[in-house]
Amino acid sequence: MDDMELLQEWVDHGSEDAFRSIVDRHVNLVYSTARRLVSNPHEAEEVTQTVFILLARKARSLSKETVMAGWLYRATRFAAAQMLRTESRRHQRLEDLSKMDATKPDSVWKQIAPLLEEAMSHLGQTDRDAVVLRFMEERSLQEVGQALGLSEEAARKRVHRAVEKLRTIFSRRGIATSSGLLMAALAASAAQAAPAGLATSVAATAIGKSAILATSTSTLVKGTIKLMAWTKLKTAAVTAAIVLAGGVTTMIVHQSLEQKPVETMGVANQPTGWRAELKSGKLTLDQKQQIAKIGCVDNLKQASAALKKWAAAHDQTFPRDLNSLQEYLSSPMYLTCPGDDAKTEETEWTNFRPSNVSYVMVSPGAKDNRLNLIVVKCPIHGHVALGEGRVFQANYI
């Protein structure tokens, strides 16, 4: 079931399993967002708890069109804002930004992390949801498209445009970087695993099976509800003002749009993001190596998601090789490490050759029932993908 179907099960039948499934799916998103905003791990856990309590209480009011990840991300920002008492920690984190190197993904991340949520607030809802789904929940482009009601190609373009908008916002704040490096930084660092056991305690407290809420958490929940309500009221007021003011110009704008020719958006599978950066010829060797390293992680995430789907369709058993993923992976380019100069990256399956697969199956034919089972490894960078979908950088074995 999708997120909203699970939430409806919770609303209609009080299904604790359904609510726990939602928590399991999204706890990493909420925790990693909170962690960026409040810095302290303990406070981040309390914010995470608060967000899912809010979800349990507001479940009946959410429409079926709600993108769960987007709603939770926004609720996390409100809860974290309520948590923060001063700006001193934020100023401390921003103090040395101008001294950092903006040519490497890890350095880019250190610069943008303190400003990311503020920048995200300037994106439209669909763009924001696209970034949340793609980078903070590590969804495949196909899954992003399904959540947003778009094709996979349209989702790819939406993500690319959203990242470009973020790059422009960061540029105005003195952080100069490319879209490719920004995308690589987001792919590598935007998602952070929640502490072990947090999902269990969060679900138990949110559905009312835990002990009485701590005073601080109860206060945080009440304050966040007020903040969300006030923000919604302000948004409604601004929208009403715009509608009234814009009534006179509606016909003119409509006529203008009708006369505008349809804009072409490029060819399917045309390189964008970090792939476009690698092919641009404008990068130093060190920059190319850094982007290739992070791009490899992105590839493994796509391959891992495809392997999970393959196993689900084959009695929870992984394939013996990666050549079997044609029906589950949108493009064979995800099977070629960007740092593997001996292989040729192909974007279409019609041109695919097994000799161009860089990655190695570590557990061919294994059952998908073991925790931390390594299924794929990159022989170039040493990254590994686990059976449950997580990817670890460097040599995990």
# chains A, B, ... in the order shown; residues from 1 in each chain; ligands from 1
>>> closest_atom_pairs(of="segment 50-76 of chain A", to="segment 27-43 of chain A", cutoff="8 Å", atoms="only C-alpha atoms", output="Markdown table")
| residue | atom | partner | partner_atom | distance |
| --- | --- | --- | --- | --- |
| A:Val51 | CA | A:Val30 | CA | 7.7 |
| A:Ala69 | CA | A:Leu29 | CA | 7.7 |
| A:Leu72 | CA | A:Val30 | CA | 6.7 |
| A:Tyr73 | CA | A:Val30 | CA | 6.3 |
| A:Thr76 | CA | A:Val30 | CA | 6.2 |
>>> residues_around(residues="Gln290 of chain A", least_positions_apart="4", cutoff="12 Å", atoms="only C-alpha atoms", output="list in words")
Ala102, Thr103, Lys104, Pro105, Asp106, Ser107, Val108, Gly180, Leu181, Leu182, Ala184, Ala185, Ala188, Trp274, Glu277, Leu278, Leu283, Thr284, Leu285, Asp286, Ile294, Gly295, Cys296, Val297, Pro338, Gly339 and His381 of chain A
>>> closest_residue(among="A:Val47, A:Leu198, A:Leu148, A:Val132", to="Gln82 of chain A", atoms="only C-alpha atoms")
A:Val47
>>> closest_residue(among="A:Glu65, A:Glu118, A:Glu138, A:Glu5", to="His26 of chain A", atoms="only C-alpha atoms")
A:Glu138
>>> closest_residue(among="A:Gln316, A:Ala305, A:Cys337, A:Glu348", to="Gly365 of chain A", atoms="only C-alpha atoms")
A:Gln316
>>> residues_around(residues="Gly14 of chain A", least_positions_apart="6", cutoff="12 Å", atoms="only C-alpha atoms", output="PyMOL selection string")
chain A and resi 6-8+20+56-57+59-60+207-208
>>> select_by_dssp(residues="segment 286-386 of chain A", states="strand (DSSP E)", output="PyMOL selection string")
chain A and resi 360-361+374-377+384-386
>>> closest_residue(among="A:Ser355, A:Asn369, A:Gln142, A:Thr168", to="Ser331 of chain A", atoms="only C-alpha atoms")
A:Gln142
>>> residues_around(residues="Val202 of chain A", least_positions_apart="6", cutoff="10 Å", atoms="only C-alpha atoms", output="PDB file with N, CA, C and O atoms, in the first residue's frame")
ATOM      1  N   ARG A  20       2.992   2.199  11.858  1.00  0.00           N
ATOM      2  CA  ARG A  20       4.404   1.843  12.025  1.00  0.00           C
ATOM      3  C   ARG A  20       5.104   1.762  10.660  1.00  0.00           C
ATOM      4  O   ARG A  20       6.262   2.148  10.528  1.00  0.00           O
ATOM      5  N   VAL A  23       6.028   5.212   9.653  1.00  0.00           N
ATOM      6  CA  VAL A  23       7.198   5.661  10.423  1.00  0.00           C
ATOM      7  C   VAL A  23       8.472   5.036   9.868  1.00  0.00           C
ATOM      8  O   VAL A  23       9.480   5.723   9.656  1.00  0.00           O
ATOM      9  N   ASP A  24       8.432   3.737   9.616  1.00  0.00           N
ATOM     10  CA  ASP A  24       9.621   3.051   9.088  1.00  0.00           C
ATOM     11  C   ASP A  24      10.065   3.642   7.752  1.00  0.00           C
ATOM     12  O   ASP A  24      11.259   3.778   7.488  1.00  0.00           O
ATOM     13  N   VAL A  27      11.156   7.782   8.749  1.00  0.00           N
ATOM     14  CA  VAL A  27      11.858   8.252   9.941  1.00  0.00           C
ATOM     15  C   VAL A  27      13.238   8.819   9.607  1.00  0.00           C
ATOM     16  O   VAL A  27      13.687   9.797  10.225  1.00  0.00           O
ATOM     17  N   GLU A  45      15.938  13.873  17.870  1.00  0.00           N
ATOM     18  CA  GLU A  45      15.037  12.764  18.175  1.00  0.00           C
ATOM     19  C   GLU A  45      13.705  13.282  18.723  1.00  0.00           C
ATOM     20  O   GLU A  45      12.638  12.737  18.403  1.00  0.00           O
ATOM     21  N   GLU A  46      13.764  14.326  19.534  1.00  0.00           N
ATOM     22  CA  GLU A  46      12.524  14.881  20.086  1.00  0.00           C
ATOM     23  C   GLU A  46      11.682  15.537  18.988  1.00  0.00           C
ATOM     24  O   GLU A  46      10.455  15.417  18.987  1.00  0.00           O
ATOM     25  N   THR A  48      11.724  14.591  15.865  1.00  0.00           N
ATOM     26  CA  THR A  48      11.194  13.450  15.113  1.00  0.00           C
ATOM     27  C   THR A  48       9.956  12.883  15.788  1.00  0.00           C
ATOM     28  O   THR A  48       8.939  12.597  15.145  1.00  0.00           O
ATOM     29  N   GLN A  49      10.044  12.732  17.115  1.00  0.00           N
ATOM     30  CA  GLN A  49       8.890  12.242  17.879  1.00  0.00           C
ATOM     31  C   GLN A  49       7.694  13.164  17.687  1.00  0.00           C
ATOM     32  O   GLN A  49       6.564  12.710  17.443  1.00  0.00           O
ATOM     33  N   THR A  50       7.943  14.452  17.776  1.00  0.00           N
ATOM     34  CA  THR A  50       6.881  15.446  17.659  1.00  0.00           C
ATOM     35  C   THR A  50       6.187  15.371  16.297  1.00  0.00           C
ATOM     36  O   THR A  50       4.953  15.433  16.213  1.00  0.00           O
ATOM     37  N   VAL A  51       6.967  15.229  15.246  1.00  0.00           N
ATOM     38  CA  VAL A  51       6.407  15.216  13.891  1.00  0.00           C
ATOM     39  C   VAL A  51       5.438  14.056  13.701  1.00  0.00           C
ATOM     40  O   VAL A  51       4.342  14.218  13.136  1.00  0.00           O
ATOM     41  N   PHE A  52       5.793  12.882  14.198  1.00  0.00           N
ATOM     42  CA  PHE A  52       4.907  11.738  14.001  1.00  0.00           C
ATOM     43  C   PHE A  52       3.701  11.773  14.953  1.00  0.00           C
ATOM     44  O   PHE A  52       2.645  11.220  14.644  1.00  0.00           O
ATOM     45  N   ILE A  53       3.843  12.433  16.086  1.00  0.00           N
ATOM     46  CA  ILE A  53       2.671  12.675  16.935  1.00  0.00           C
ATOM     47  C   ILE A  53       1.696  13.583  16.190  1.00  0.00           C
ATOM     48  O   ILE A  53       0.482  13.351  16.178  1.00  0.00           O
ATOM     49  N   GLY A 208       0.016   6.473  20.963  1.00  0.00           N
ATOM     50  CA  GLY A 208      -0.506   6.501  22.319  1.00  0.00           C
ATOM     51  C   GLY A 208      -0.269   5.263  23.138  1.00  0.00           C
ATOM     52  O   GLY A 208      -0.936   5.046  24.154  1.00  0.00           O
ATOM     53  N   SER A 210       2.761   4.509  24.444  1.00  0.00           N
ATOM     54  CA  SER A 210       3.908   4.738  25.310  1.00  0.00           C
ATOM     55  C   SER A 210       3.451   5.461  26.570  1.00  0.00           C
ATOM     56  O   SER A 210       2.271   5.755  26.759  1.00  0.00           O
TER      57      SER A 210
END
>>> atom_distance(atom1="atom CA of Ser63 of chain A", atom2="atom CA of Asp127 of chain A")
19.2 Å
>>> atom_distance(atom1="atom CA of Thr200 of chain A", atom2="atom CA of Leu373 of chain A")
22.0 Å
>>> atom_distance(atom1="atom CA of Ala194 of chain A", atom2="atom CA of Arg161 of chain A")
28.9 Å
>>> closest_residue(among="A:Met4, A:Ala191, A:Val360, A:Ala313", to="Val67 of chain A", atoms="only C-alpha atoms")
A:Met4
